[in-house]
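Data from protein_1.csv: CSV, C-alpha atoms
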```
chain,number,residue,atom,x,y,z
A,9,MET,CA,0.0,0.0,0.0
A,10,LYS,CA,2.9,2.4,0.9
A,11,TYR,CA,4.5,1.6,-2.5
A,12,LEU,CA,1.3,2.4,-4.4
A,13,LEU,CA,0.8,5.6,-2.4
A,14,SER,CA,4.3,6.7,-3.3
A,15,LEU,CA,3.6,6.1,-7.0
A,16,LEU,CA,0.4,8.1,-6.8
A,17,ILE,CA,2.2,11.0,-5.0
A,18,CYS,CA,4.9,11.0,-7.7
A,19,PHE,CA,2.3,10.9,-10.5
A,20,ILE,CA,0.1,13.8,-9.4
A,21,PRO,CA,2.8,16.5,-10.0
A,22,LEU,CA,3.3,15.1,-13.5
A,23,LEU,CA,-0.4,15.6,-14.3
A,24,ALA,CA,-0.3,19.1,-12.8
A,25,ASN,CA,2.6,20.1,-15.1
A,26,ALA,CA,0.6,19.3,-18.3
A,27,LYS,CA,-2.4,20.9,-20.0
A,28,SER,CA,-4.0,19.5,-23.0
A,29,TRP,CA,-6.5,20.6,-25.7
A,30,GLN,CA,-8.1,18.7,-28.6
A,31,VAL,CA,-10.3,19.3,-31.6
A,32,ASN,CA,-11.6,17.5,-34.7
A,33,SER,CA,-12.0,19.1,-38.1
A,34,PRO,CA,-15.6,20.2,-38.9
A,35,GLU,CA,-18.0,18.5,-41.4
A,36,HIS,CA,-17.7,21.4,-43.8
A,37,GLN,CA,-14.4,22.4,-45.4
A,38,MET,CA,-12.5,25.2,-43.7
A,39,ALA,CA,-10.9,27.9,-45.8
A,40,VAL,CA,-7.3,28.8,-45.1
A,41,LEU,CA,-6.0,32.3,-45.8
A,42,GLU,CA,-2.3,32.7,-46.0
A,43,LEU,CA,-1.4,36.4,-45.9
A,44,PHE,CA,2.2,37.3,-46.8
A,45,THR,CA,3.0,40.6,-45.1
A,46,SER,CA,5.8,42.7,-43.7
A,47,GLU,CA,6.1,45.6,-41.3
A,48,GLY,CA,8.2,47.4,-43.9
A,49,CYS,CA,5.4,47.3,-46.5
A,50,GLY,CA,3.2,50.4,-46.6
A,51,ARG,CA,0.3,48.6,-48.2
A,52,CYS,CA,0.2,45.8,-45.6
A,53,PRO,CA,-1.5,47.6,-42.7
A,54,PRO,CA,-4.7,48.2,-44.6
A,55,ALA,CA,-4.8,44.6,-45.7
A,56,GLU,CA,-4.3,43.4,-42.1
A,57,GLN,CA,-7.0,45.8,-40.9
A,58,TRP,CA,-9.4,44.6,-43.6
A,59,ILE,CA,-8.9,41.0,-42.4
A,60,LYS,CA,-9.8,42.0,-38.8
A,61,GLN,CA,-13.2,43.2,-40.1
A,62,LEU,CA,-14.1,39.9,-41.8
A,63,PRO,CA,-16.2,38.5,-38.8
A,64,GLU,CA,-18.5,41.6,-39.2
A,65,ILE,CA,-19.6,40.2,-42.6
A,66,GLY,CA,-19.9,36.6,-41.3
A,67,ILE,CA,-16.5,35.3,-42.2
A,68,ASP,CA,-15.5,34.1,-38.7
A,69,ASP,CA,-13.2,31.4,-37.3
A,70,GLN,CA,-15.8,28.8,-38.1
A,71,ARG,CA,-15.3,29.4,-41.8
A,72,LEU,CA,-11.8,30.8,-42.1
A,73,ILE,CA,-8.3,30.2,-40.6
A,74,VAL,CA,-5.9,33.1,-41.1
A,75,LEU,CA,-2.2,32.6,-41.1
A,76,ALA,CA,-0.1,35.8,-41.3
A,77,PHE,CA,3.4,35.0,-42.6
A,78,HIS,CA,5.8,37.9,-42.1
A,79,VAL,CA,8.5,37.6,-44.9
A,80,ASP,CA,12.1,38.8,-44.6
A,81,TYR,CA,12.9,39.9,-48.2
A,82,LEU,CA,11.8,43.5,-47.6
A,83,ASP,CA,14.0,44.0,-44.5
A,84,GLU,CA,17.0,45.4,-46.3
A,85,GLN,CA,15.0,47.1,-49.0
A,86,LYS,CA,12.8,49.0,-46.6
A,87,GLY,CA,15.4,49.7,-43.9
A,88,TRP,CA,13.3,48.0,-41.2
A,89,VAL,CA,13.9,44.5,-39.8
A,90,ASP,CA,10.6,42.8,-39.1
A,91,ALA,CA,11.1,40.9,-35.9
A,92,PHE,CA,8.4,38.4,-36.8
A,93,ALA,CA,9.8,37.5,-40.2
A,94,ARG,CA,11.6,34.2,-40.9
A,95,PRO,CA,13.3,32.8,-44.1
A,96,GLU,CA,11.0,29.8,-44.0
A,97,PHE,CA,8.0,32.0,-44.4
A,98,THR,CA,9.5,33.5,-47.5
A,99,ALA,CA,10.2,30.0,-48.7
A,100,ARG,CA,6.5,29.1,-48.2
A,101,GLN,CA,5.4,32.1,-50.3
A,102,ARG,CA,7.8,31.0,-53.1
A,103,GLN,CA,6.5,27.5,-52.9
A,104,LEU,CA,2.9,28.7,-53.4
A,105,ALA,CA,4.0,30.9,-56.3
A,106,ARG,CA,5.6,27.9,-58.0
A,107,LEU,CA,2.4,25.8,-57.5
A,108,ASN,CA,0.3,28.7,-58.9
A,109,LEU,CA,2.8,29.0,-61.9
A,110,PHE,CA,3.7,32.6,-60.9
A,111,GLN,CA,7.2,34.1,-61.3
A,112,THR,CA,7.0,36.8,-58.7
A,113,ILE,CA,6.0,37.3,-55.0
A,114,PHE,CA,4.9,40.5,-53.3
A,115,THR,CA,3.2,41.9,-50.2
A,116,PRO,CA,0.5,41.9,-49.3
A,117,GLU,CA,-0.4,38.7,-51.0
A,118,PHE,CA,-3.5,36.7,-50.3
A,119,VAL,CA,-3.5,32.9,-50.9
A,120,LEU,CA,-6.8,31.2,-50.2
A,121,SER,CA,-6.7,27.4,-49.8
A,122,GLY,CA,-3.7,27.3,-52.1
A,123,GLU,CA,-4.9,29.7,-54.8
A,124,VAL,CA,-3.7,33.3,-55.2
A,125,VAL,CA,-6.6,35.9,-54.8
A,126,HIS,CA,-5.6,39.1,-56.6
A,127,ASN,CA,-8.6,41.3,-56.1
A,128,TRP,CA,-9.1,40.2,-52.5
A,129,ARG,CA,-11.4,43.1,-51.4
A,130,GLN,CA,-13.9,42.1,-54.0
A,131,HIS,CA,-13.6,38.3,-54.3
A,132,LEU,CA,-12.3,36.9,-51.0
A,133,GLU,CA,-15.7,36.6,-49.3
A,134,ASP,CA,-17.1,34.7,-52.2
A,135,VAL,CA,-14.2,32.3,-52.4
A,136,VAL,CA,-14.3,31.5,-48.7
A,137,LEU,CA,-18.0,30.7,-48.9
A,138,PHE,CA,-17.4,28.6,-52.1
A,139,VAL,CA,-14.7,26.6,-50.2
A,140,ASN,CA,-17.0,26.1,-47.2
A,141,ASP,CA,-19.6,24.5,-49.4
A,142,LEU,CA,-17.1,21.8,-50.6
A,143,GLN,CA,-17.0,18.3,-49.2
A,144,PRO,CA,-13.8,17.9,-47.1
A,145,GLU,CA,-11.3,15.4,-48.6
A,146,ALA,CA,-9.5,14.9,-45.4
A,147,ASP,CA,-10.3,14.5,-41.7
A,148,ILE,CA,-8.1,15.8,-39.0
A,149,SER,CA,-7.9,15.2,-35.2
A,150,LEU,CA,-5.5,17.5,-33.4
A,151,GLN,CA,-4.3,17.2,-29.8
A,152,VAL,CA,-1.9,19.6,-28.1
A,153,GLU,CA,-0.3,19.2,-24.7
A,154,HIS,CA,1.7,21.9,-23.0
A,155,ASP,CA,4.4,20.6,-20.6
A,156,SER,CA,5.3,23.4,-18.2
A,157,GLN,CA,8.4,21.7,-17.0
A,158,THR,CA,10.0,21.3,-20.5
A,159,GLN,CA,8.1,24.3,-22.0
A,160,GLN,CA,7.2,22.2,-25.0
A,161,LEU,CA,4.0,21.9,-27.1
A,162,LEU,CA,3.5,18.3,-27.8
A,163,ILE,CA,1.4,18.0,-31.0
A,164,ASP,CA,-0.3,14.8,-32.2
A,165,THR,CA,-2.2,14.9,-35.5
A,166,HIS,CA,-4.3,12.1,-36.8
A,167,VAL,CA,-5.1,12.5,-40.5
A,168,LEU,CA,-7.3,10.5,-42.8
A,169,VAL,CA,-7.0,11.4,-46.5
A,170,GLU,CA,-9.7,10.4,-49.1
A,171,GLY,CA,-9.0,9.5,-52.7
A,172,GLU,CA,-6.0,7.9,-54.3
A,173,HIS,CA,-4.8,11.1,-56.0
A,174,ASN,CA,-4.8,12.9,-52.7
A,175,GLN,CA,-3.2,10.1,-50.9
A,176,ALA,CA,-0.3,10.1,-53.4
A,177,HIS,CA,0.3,13.8,-53.3
A,178,SER,CA,-0.8,15.2,-49.9
A,179,SER,CA,1.2,16.5,-47.0
A,180,LEU,CA,0.5,17.9,-43.5
A,181,TYR,CA,1.7,21.3,-42.4
A,182,LEU,CA,1.6,22.5,-38.8
A,183,ALA,CA,1.6,26.1,-37.7
A,184,VAL,CA,1.8,27.8,-34.3
A,185,LYS,CA,0.4,31.3,-34.6
A,186,GLU,CA,0.0,34.1,-32.0
A,187,ASN,CA,-2.4,37.0,-31.5
A,188,ASN,CA,-2.0,40.5,-29.9
A,189,LEU,CA,1.7,41.0,-30.7
A,190,GLN,CA,2.7,44.6,-30.1
A,191,SER,CA,5.3,46.3,-32.2
A,192,HIS,CA,6.4,49.9,-32.7
A,193,VAL,CA,8.0,50.6,-36.1
A,194,THR,CA,10.6,53.4,-36.3
A,195,ALA,CA,11.8,53.1,-39.9
A,196,GLY,CA,10.6,52.1,-43.4
A,197,ASP,CA,7.2,52.8,-44.9
A,198,ASN,CA,5.4,52.5,-41.6
A,199,ALA,CA,7.8,54.6,-39.4
A,200,GLY,CA,6.0,55.9,-36.4
A,201,ARG,CA,3.2,53.4,-36.4
A,202,HIS,CA,2.2,51.0,-33.6
A,203,PHE,CA,0.8,47.6,-34.5
A,204,ASN,CA,-1.2,45.1,-32.6
A,205,HIS,CA,-0.7,42.1,-34.9
A,206,GLN,CA,-3.1,39.1,-35.2
A,207,ASN,CA,-2.6,35.6,-36.5
A,208,VAL,CA,1.2,35.9,-36.7
A,209,VAL,CA,2.8,32.6,-37.6
A,210,ARG,CA,5.6,31.8,-35.1
A,211,ARG,CA,6.5,28.3,-36.3
A,212,TRP,CA,5.8,26.5,-39.6
A,213,LEU,CA,6.5,22.8,-39.7
A,214,GLY,CA,6.3,20.4,-42.6
A,215,PRO,CA,5.7,19.1,-45.1
A,216,TYR,CA,5.0,15.7,-43.5
A,217,PRO,CA,4.1,13.3,-46.4
A,218,LEU,CA,0.8,11.5,-45.9
A,219,ASP,CA,-0.7,8.2,-46.9
A,220,ARG,CA,-4.3,7.2,-46.4
A,221,GLU,CA,-4.2,7.4,-42.6
A,222,MET,CA,-1.3,8.6,-40.4
A,223,LEU,CA,-0.5,9.8,-36.9
A,224,ILE,CA,2.2,12.5,-36.9
A,225,SER,CA,3.8,13.9,-33.7
A,226,ALA,CA,5.8,17.0,-33.3
A,227,GLU,CA,7.4,19.0,-30.5
A,228,VAL,CA,7.6,22.8,-30.5
A,229,PRO,CA,9.6,24.7,-27.8
A,230,VAL,CA,7.6,27.6,-26.3
A,231,GLU,CA,9.8,30.6,-26.6
A,232,ASP,CA,10.1,33.0,-23.7
A,233,ASP,CA,8.3,35.9,-25.5
A,234,TRP,CA,5.3,33.8,-26.5
A,235,GLN,CA,2.0,34.3,-24.7
A,236,LEU,CA,0.6,30.8,-24.2
A,237,ASN,CA,-3.1,31.9,-24.0
A,238,GLN,CA,-2.7,33.8,-27.3
A,239,LEU,CA,-1.4,30.8,-29.2
A,240,THR,CA,-3.3,28.7,-31.7
A,241,VAL,CA,-2.1,25.5,-33.3
A,242,VAL,CA,-3.2,24.9,-36.9
A,243,ALA,CA,-3.1,21.7,-39.0
A,244,VAL,CA,-3.3,22.0,-42.8
A,245,VAL,CA,-3.6,19.1,-45.2
A,246,GLN,CA,-2.6,20.2,-48.8
A,247,ASN,CA,-2.3,18.4,-52.1
A,248,LEU,CA,1.1,19.5,-53.4
A,249,SER,CA,0.3,18.6,-57.0
A,250,ASP,CA,-2.3,21.3,-57.4
A,251,ALA,CA,-1.9,23.3,-54.1
A,252,PHE,CA,-5.5,22.8,-53.0
A,253,VAL,CA,-6.0,22.6,-49.2
A,254,LEU,CA,-8.1,19.5,-48.5
A,255,GLN,CA,-9.0,20.4,-44.9
A,256,ALA,CA,-7.6,22.4,-42.0
A,257,VAL,CA,-8.4,22.8,-38.3
A,258,ALA,CA,-7.4,25.4,-35.7
A,259,LEU,CA,-7.0,24.8,-31.9
A,260,PRO,CA,-6.7,27.9,-29.7
A,261,LEU,CA,-4.9,27.5,-26.4
A,262,GLU,CA,-6.7,30.4,-24.9
A,263,HIS,CA,-8.6,28.2,-22.4
A,264,GLU,CA,-7.2,26.3,-19.4
A,265,GLY,CA,-7.2,22.9,-21.1
A,266,ASN,CA,-7.7,19.6,-19.4
```

Give the structure from this file in structure tokens form.
Amino acid sequence: MKYLLSLLICFIPLLANAKSWQVNSPEHQMAVLELFTSEGCGRCPPAEQWIKQLPEIGIDDQRLIVLAFHVDYLDEQKGWVDAFARPEFTARQRQLARLNLFQTIFTPEFVLSGEVVHNWRQHLEDVVLFVNDLQPEADISLQVEHDSQTQQLLIDTHVLVEGEHNQAHSSLYLAVKENNLQSHVTAGDNAGRHFNHQNVVRRWLGPYPLDREMLISAEVPVEDDWQLNQLTVVAVVQNLSDAFVLQAVALPLEHEGN
């Protein structure tokens, strides 16, 4: 009995050091907006502000997942280093340009479920609603655990892909994004402006090649300047032969978890 009691006492702190969240992808297809932006780009703040207003016209987080990738290729040109930019985000933009058979990349650029949307003010709402009406071609179960001792996010993603063509060409991407990031810009096109950024991608993982059904696990260190209750983990399944996103799911870590 004393031995069992000792085991129980040792196990309780382990449970207390971990929080977990889980979600399943919805029955309708989620739209995924990848916004490529930069703090040095004068045209980007209006684009980001326009996205913030989408819930007012019914395009909320039940229909659309927004991923804001801050790219690094404007840092030297504009004279302002965007602290949220990473080379892999620029690489993601170039990857999507190749899949869309485009030669150039620019900011702000809107890519909706794998396809570039040029006149986004006029067409984005219609494209989102069109995607939502499609039948999902993948199912995703996402579970995230935060270990406060190791300061890691432990991510388990179970994916079921439908159709032989999708199974042959699809991959999983994982993103960790953060809301309410404050930044004061002192140079470049936006010198003197203060930003409260939303949906900022902090980490972009993948591609993880998929088969019909797979369980993929990943570990992401939680950086010291990250706000845990402002983080969201996103799983995206994409067919890399035609760029189309088969399904996606977002899991906010804003609640206490289990």

### Task
May I have the protein, DNA and RNA residues with any atom at most 9 Å from the point (-15.7, 30.2, -42.7), counting only C-alpha atoms, written as a ChimeraX atom specification?
/A:37-40,66-73,136-137,139-140

#### Entry: Computed interatomic separation between atom CA of Arg100 of chain A and atom CA of Phe252 of chain A (Å)
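The value is 14.4 Å.
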
### Query
Given the choices A:Pro144, A:Glu221, A:Thr165, A:Leu254, which gets closest to Leu120 of chain A if the distance is worked out from only C-alpha atoms?
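Ranked by minimum distance to Leu120 of chain A, first place goes to A:Leu254.
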
### Message
Just the number, please: distance in Å from atom CA of Gln101 of chain A to atom CA of Asn127 of chain A, one decimal.
### Response
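Answer for the atom CA of Gln101 of chain A to atom CA of Asn127 of chain A separation: 17.7 Å.
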
### Query
Taking into account all atoms listed in the file, which residue in the set A:Phe118, A:Tyr81, A:Tyr181, A:Trp128 is nearest to Ala256 of chain A?
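Smallest separation from Ala256 of chain A among the options: A:Tyr181.
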
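Reported to one decimal place, the separation of atom CA of Gln175 of chain A from atom CA of Leu218 of chain A is 6.6 Å.
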